[in-house]
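Only one structure is covered here, and it is reproduced in the block below.
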Protein chains: 2
Amino acid sequence: MKHVYFDYAATTPVDSRVKKAMLPYFSEKFGNTMSLHSFGQEAKLVLEKSRETVADLIRAKPEEIIFTGSATESNNLALKGIAFANQNKGHTRLHRYASPHRYASPQQIQRFWRAKRCGQVIISPIEHPCIIETAKWLQKQGFQITKLKVDKYGMVNPLALEKEIRKDTILVSVIHASNEIGTIQPIEKIGKICRNKGVYFHTDAVQSFGKIPIDVNKMNIDLLTASSHKMYGPKGAACLYIREGVRIEPILHGGGQERGLRSSTVNIPAIVGFAKACEICKKEMGKEAQRLIKLRDKLIRNVLKIKGSYLNGHPQKRLPNNANFRFDFIEGESIILRLDLLGIAVSTGSACSSIKLEPSSVLLATGLKPAEAHGSLRISLGRWTTEKEIDYLIKVLPGIINQLRKISPFKVIKSA
Amino acid sequence: MKHVYFDYAATTPVDSRVKKAMLPYFSEKFGNTMSLHSFGQEAKLVLEKSRETVADLIRAKPEEIIFTGSATESNNLALKGIAFANQNKGHTRLHRYASPHRYASPQQIQRFWRAKRCGQVIISPIEHPCIIETAKWLQKQGFQITKLKVDKYGMVNPLALEKEIRKDTILVSVIHASNEIGTIQPIEKIGKICRNKGVYFHTDAVQSFGKIPIDVNKMNIDLLTASSHKMYGPKGAACLYIREGVRIEPILHGGGQERGLRSSTVNIPAIVGFAKACEICKKEMGKEAQRLIKLRDKLIRNVLKIKGSYLNGHPQKRLPNNANFRFDFIEGESIILRLDLLGIAVSTGSACSSIKLEPSSVLLATGLKPAEAHGSLRISLGRWTTEKEIDYLIKVLPGIINQLRKISPFKVIKSA
């Protein structure tokens, strides 16, 4: 069996129905949405129709959807755009130091320096690198970043979050479903706490969008990131849902597309594909989830029969298409390479971190030791995963694990 | 004659050869470049091959090309990335105020506040909105923005630029060829001055890339923006050339793709298309430019026969595919709409500004009065423009101008 793809969480192939929908927009209906002539107006129309379709999947209003180029961009926009537009919330300090009527001591100047930008942003420790790195950058700009704790399943405790919210808290950002371990967070509760405290709530829903139902109103979500290429749409399209009335600044400045919040020539073919992918997911999501859960659970049952194997993430509250394991004494990378030789594509965790060869920070946050986190394997299923493929993996995996353990240096150390 | 497209400067249809090159990367070779398995490695290989092709068109090294999602993003990255990475250049003021050994007066605090970020960025007044707006944002962050002057053809004077360069100048950004009036700047001279003064030089080459030869070394360019969808490639791909050794920071934070300078899942299909478009342009650019110049000059000759019509931009030093006119007493928008009824797509200026209905700031910078700037019309030719199309436009335009003048309120006022 060749080309067995178990890395749907990294990226998905474009559905042929999506590709078909996109094709006319490359060379025939290619207008720029900002042009006044018919080519432009035709593009503008299809853009707004696509916006409706995407909004519909999460029960948002069309005007609350801003198209971007990638989930990374959406997450950057959510965090930076909200932080910059709402900086110094709840702070009077600043005005005191900036008063033209008093002299300031060196210590005050230092504080003034630090306080020029302020406000707290709360994130979970199991966010995607594009949230973690953006938060680090915001910290350099003067914002305070608080990282929540998670339990052994990677679950955020809403009550612990509530305690972290302060007068100057601007934003809480918690990933809806983990891209690595698949754990689904209690988003509705977290959203409610944020709403009650008057704090914006953003969720990175890249892995859950199109896979499990999302209702931005019911779930009290103010901002939501979704990406096309994780749900059988093309790369190059993503969106940020921004609830009406939320104060946000752009991060890309220019021609003023997307209500001034995302300048750039609008990528119509990609957006048409994204919308088509949403349409298909809306129709097929329910049945598809059931099918994947069955396959996933068969996989989990069988892999856990291997001695010294464990499931990462929550046993029930997890994505229909995600299974994440760890194996004593083995590195995930070596399993990947062995499986790759057999034509099976799997991953250790986030694709974005797989080249770094560092232990997954998500797994460390769940309390695993670095050596344990190194032994992890993410198997993510998708639209074209068959039971035959699952059976193939179940058949070959135990042998590979055994072989690798025989040559494992970790085992020797441990048993020594 | 229906669907005559004279707005190639706004966006171009994707060349069928480009589309063909892209197609396998949607659903078959769809891997994520960051994945360790074969699907990922295949994507990584094609990414690096594409980088070579794009670099080759401007005689850059492959590792000096960073792929982005749009020219707007490239221009934002160039300005913000350079300004942030090189802030406070030549300033000792800051350290003085930040000294922990002295008290500061209210005035000093004010200055300190403003000086927290500093450094000068010089731009031309005929930049695309994504440079102008980014510069405005940088100004808000504390940077000093200097706008050069241009002559009546929209040409920057290199000697005047030299006088503006100060000890704290970080970056000079001058558009290679105007997207509105087509004027080509003396980039080589400007680059040389910047090099001699130790200042980074960026050029927005969106309109010239693939149309006229560019050599980043000969032209002393440190950073260059190019876009795929303006040269028969797909939307969603663009690049920033960054000379080796240039200090720059990312503006999108995340998984660390593109040497950490542009995080986001790499959009392989779009990049493959971009590279194919570069390959075609490299081969055909010379002949195509000659063909377009002939058509353009025929158009200009004939349109200028209309009474009260003028050419905007430089008569010789202009893009092969750009003609920009103004007509006494008429608004450009009304010409667009009339031509559109005949199936002819033209524009007033930048697509990004066409919805605003304000007079073009580019034309104002060349010394035109607002009323004159309102009467402008940009006709941009391209790969599929035929002489028949040009003849058609030449045939219908005088009648439209005459009709519009008859009902023009401006004329009445003027002749009253």
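How things are named: the first chain in the structure tokens is A, the next is B, and so on; residues count from 1 in each chain; ligands count from 1 in the order shown.
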
Residues within 10 Å of Ile190 of chain B, please, as a PDB file with N, CA and C atoms, in the first residue's frame. Count only C-alpha atoms; anything in the same chain fewer than 2 positions from it doesn't count.
ATOM      1  N   VAL B 156      11.332  61.178  -9.339  1.00  0.00           N
ATOM      2  CA  VAL B 156      12.085  61.562  -8.144  1.00  0.00           C
ATOM      3  C   VAL B 156      13.451  62.087  -8.589  1.00  0.00           C
ATOM      4  N   ASN B 157      13.902  63.146  -7.920  1.00  0.00           N
ATOM      5  CA  ASN B 157      15.233  63.684  -8.206  1.00  0.00           C
ATOM      6  C   ASN B 157      16.238  63.070  -7.219  1.00  0.00           C
ATOM      7  N   PRO B 158      17.169  62.248  -7.719  1.00  0.00           N
ATOM      8  CA  PRO B 158      18.102  61.571  -6.802  1.00  0.00           C
ATOM      9  C   PRO B 158      18.911  62.547  -5.947  1.00  0.00           C
ATOM     10  N   LEU B 159      19.236  63.707  -6.504  1.00  0.00           N
ATOM     11  CA  LEU B 159      20.040  64.667  -5.737  1.00  0.00           C
ATOM     12  C   LEU B 159      19.228  65.246  -4.579  1.00  0.00           C
ATOM     13  N   LEU B 161      16.874  63.655  -3.096  1.00  0.00           N
ATOM     14  CA  LEU B 161      16.816  62.566  -2.112  1.00  0.00           C
ATOM     15  C   LEU B 161      18.065  62.571  -1.245  1.00  0.00           C
ATOM     16  N   GLU B 162      19.215  62.738  -1.897  1.00  0.00           N
ATOM     17  CA  GLU B 162      20.485  62.693  -1.163  1.00  0.00           C
ATOM     18  C   GLU B 162      20.493  63.719  -0.027  1.00  0.00           C
ATOM     19  N   VAL B 172      15.020  54.027   2.559  1.00  0.00           N
ATOM     20  CA  VAL B 172      14.411  54.801   1.477  1.00  0.00           C
ATOM     21  C   VAL B 172      13.570  53.823   0.663  1.00  0.00           C
ATOM     22  N   SER B 173      12.314  54.185   0.394  1.00  0.00           N
ATOM     23  CA  SER B 173      11.468  53.317  -0.423  1.00  0.00           C
ATOM     24  C   SER B 173      10.888  54.124  -1.579  1.00  0.00           C
ATOM     25  N   VAL B 174      11.269  53.744  -2.792  1.00  0.00           N
ATOM     26  CA  VAL B 174      10.765  54.426  -3.990  1.00  0.00           C
ATOM     27  C   VAL B 174      10.244  53.366  -4.962  1.00  0.00           C
ATOM     28  N   GLN B 185      11.329  55.144 -12.427  1.00  0.00           N
ATOM     29  CA  GLN B 185      12.254  55.965 -11.636  1.00  0.00           C
ATOM     30  C   GLN B 185      13.712  55.612 -11.919  1.00  0.00           C
ATOM     31  N   PRO B 186      14.611  56.569 -11.679  1.00  0.00           N
ATOM     32  CA  PRO B 186      16.053  56.286 -11.838  1.00  0.00           C
ATOM     33  C   PRO B 186      16.565  55.468 -10.653  1.00  0.00           C
ATOM     34  N   ILE B 187      16.096  54.212 -10.604  1.00  0.00           N
ATOM     35  CA  ILE B 187      16.343  53.345  -9.450  1.00  0.00           C
ATOM     36  C   ILE B 187      17.834  53.124  -9.196  1.00  0.00           C
ATOM     37  N   GLU B 188      18.578  52.955 -10.269  1.00  0.00           N
ATOM     38  CA  GLU B 188      19.998  52.652 -10.124  1.00  0.00           C
ATOM     39  C   GLU B 188      20.718  53.788  -9.387  1.00  0.00           C
ATOM     40  N   LYS B 192      22.305  53.772  -5.644  1.00  0.00           N
ATOM     41  CA  LYS B 192      23.717  54.071  -5.426  1.00  0.00           C
ATOM     42  C   LYS B 192      23.902  55.080  -4.292  1.00  0.00           C
ATOM     43  N   ILE B 193      23.040  56.095  -4.304  1.00  0.00           N
ATOM     44  CA  ILE B 193      23.107  57.102  -3.235  1.00  0.00           C
ATOM     45  C   ILE B 193      22.874  56.443  -1.880  1.00  0.00           C
ATOM     46  N   CYS B 194      21.848  55.599  -1.807  1.00  0.00           N
ATOM     47  CA  CYS B 194      21.533  54.925  -0.543  1.00  0.00           C
ATOM     48  C   CYS B 194      22.706  54.052  -0.095  1.00  0.00           C
ATOM     49  N   ARG B 195      23.275  53.316  -1.039  1.00  0.00           N
ATOM     50  CA  ARG B 195      24.406  52.447  -0.717  1.00  0.00           C
ATOM     51  C   ARG B 195      25.564  53.263  -0.143  1.00  0.00           C
ATOM     52  N   PHE B 201      17.742  50.460   0.868  1.00  0.00           N
ATOM     53  CA  PHE B 201      16.895  50.934  -0.221  1.00  0.00           C
ATOM     54  C   PHE B 201      15.914  49.841  -0.650  1.00  0.00           C
ATOM     55  N   MET B 219      21.432  47.490  -9.837  1.00  0.00           N
ATOM     56  CA  MET B 219      20.578  48.610  -9.461  1.00  0.00           C
ATOM     57  C   MET B 219      20.690  48.966  -7.975  1.00  0.00           C
ATOM     58  N   ASN B 220      21.591  48.316  -7.272  1.00  0.00           N
ATOM     59  CA  ASN B 220      21.842  48.639  -5.856  1.00  0.00           C
ATOM     60  C   ASN B 220      20.586  48.538  -4.983  1.00  0.00           C
ATOM     61  N   ILE B 221      19.789  47.528  -5.250  1.00  0.00           N
ATOM     62  CA  ILE B 221      18.545  47.360  -4.485  1.00  0.00           C
ATOM     63  C   ILE B 221      18.793  46.437  -3.290  1.00  0.00           C
TER      64      ILE B 221
END

Would you mind listing, for every residue of segment 210-300 of chain B within 12 Å of segment 2-18 of chain A, the two atoms forming the shortest contact and the distance between them in Å to one decimal, using only C-alpha atoms, sorted by chain and ascending residue number, as CSV?
residue,atom,partner,partner_atom,distance
B:Ser264,CA,A:Ala10,CA,11.7
B:Thr265,CA,A:Thr11,CA,8.6
B:Val266,CA,A:Thr11,CA,10.4
B:Asn267,CA,A:Thr11,CA,10.8
B:Ile268,CA,A:Thr11,CA,11.6
B:Pro269,CA,A:Val14,CA,10.9

Quick one: write out the picked residues with C-alpha atoms as a PDB file, in the first residue's frame?
ATOM      1  CA  SER B 264       2.275  30.575   7.574  1.00  0.00           C
ATOM      2  CA  THR B 265       1.773  27.261   5.825  1.00  0.00           C
ATOM      3  CA  VAL B 266       3.556  27.747   2.517  1.00  0.00           C
ATOM      4  CA  ASN B 267       1.101  28.146  -0.376  1.00  0.00           C
ATOM      5  CA  ILE B 268       2.778  25.746  -2.791  1.00  0.00           C
ATOM      6  CA  PRO B 269       0.261  25.846  -5.687  1.00  0.00           C
TER       7      PRO B 269
END

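Proximity ranking of A:Gly81, A:Gly367, A:Gly308, A:Gly254 relative to chain B places A:Gly254 first, based on only C-alpha atoms.
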
Excluding Met231 of chain B and residues on its chain fewer than 6 positions from it, collect all residues at most 8 Å away from it, counting only C-alpha atoms, and give them as a VMD selection string.
chain B and resid 12 209 to 211 277 to 278 281

**OP:** Skip segment 312-315 of chain B itself and residues of its chain fewer than 2 positions away, then list as a count of residues only all residues within 8 Å of it, counting only C-alpha atoms.
**Re:** 16

If you count only C-alpha atoms, the residue of A:Ile330, A:Met34, A:Val150, A:Ile344 closest to Ile379 of chain A turns out to be A:Ile344

Using only C-alpha atoms, the residue out of B:Ile293, B:Val396, B:Ala373, B:Cys130 with shortest distance to chain A is B:Cys130

What separation in Å, quoted to one decimal, exists between atom CA of Tyr25 of chain A and atom CA of Asn32 of chain B?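 Distance between the two atoms: 24.1 Å.
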
Let me make sure I understand: among A:Ser124, A:Ser228, A:Asn302, A:Thr203, which one has the smallest atom-to-atom distance to chain B if we use only C-alpha atoms?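 When distances to chain B are compared using only C-alpha atoms, the smallest one comes from A:Ser228.
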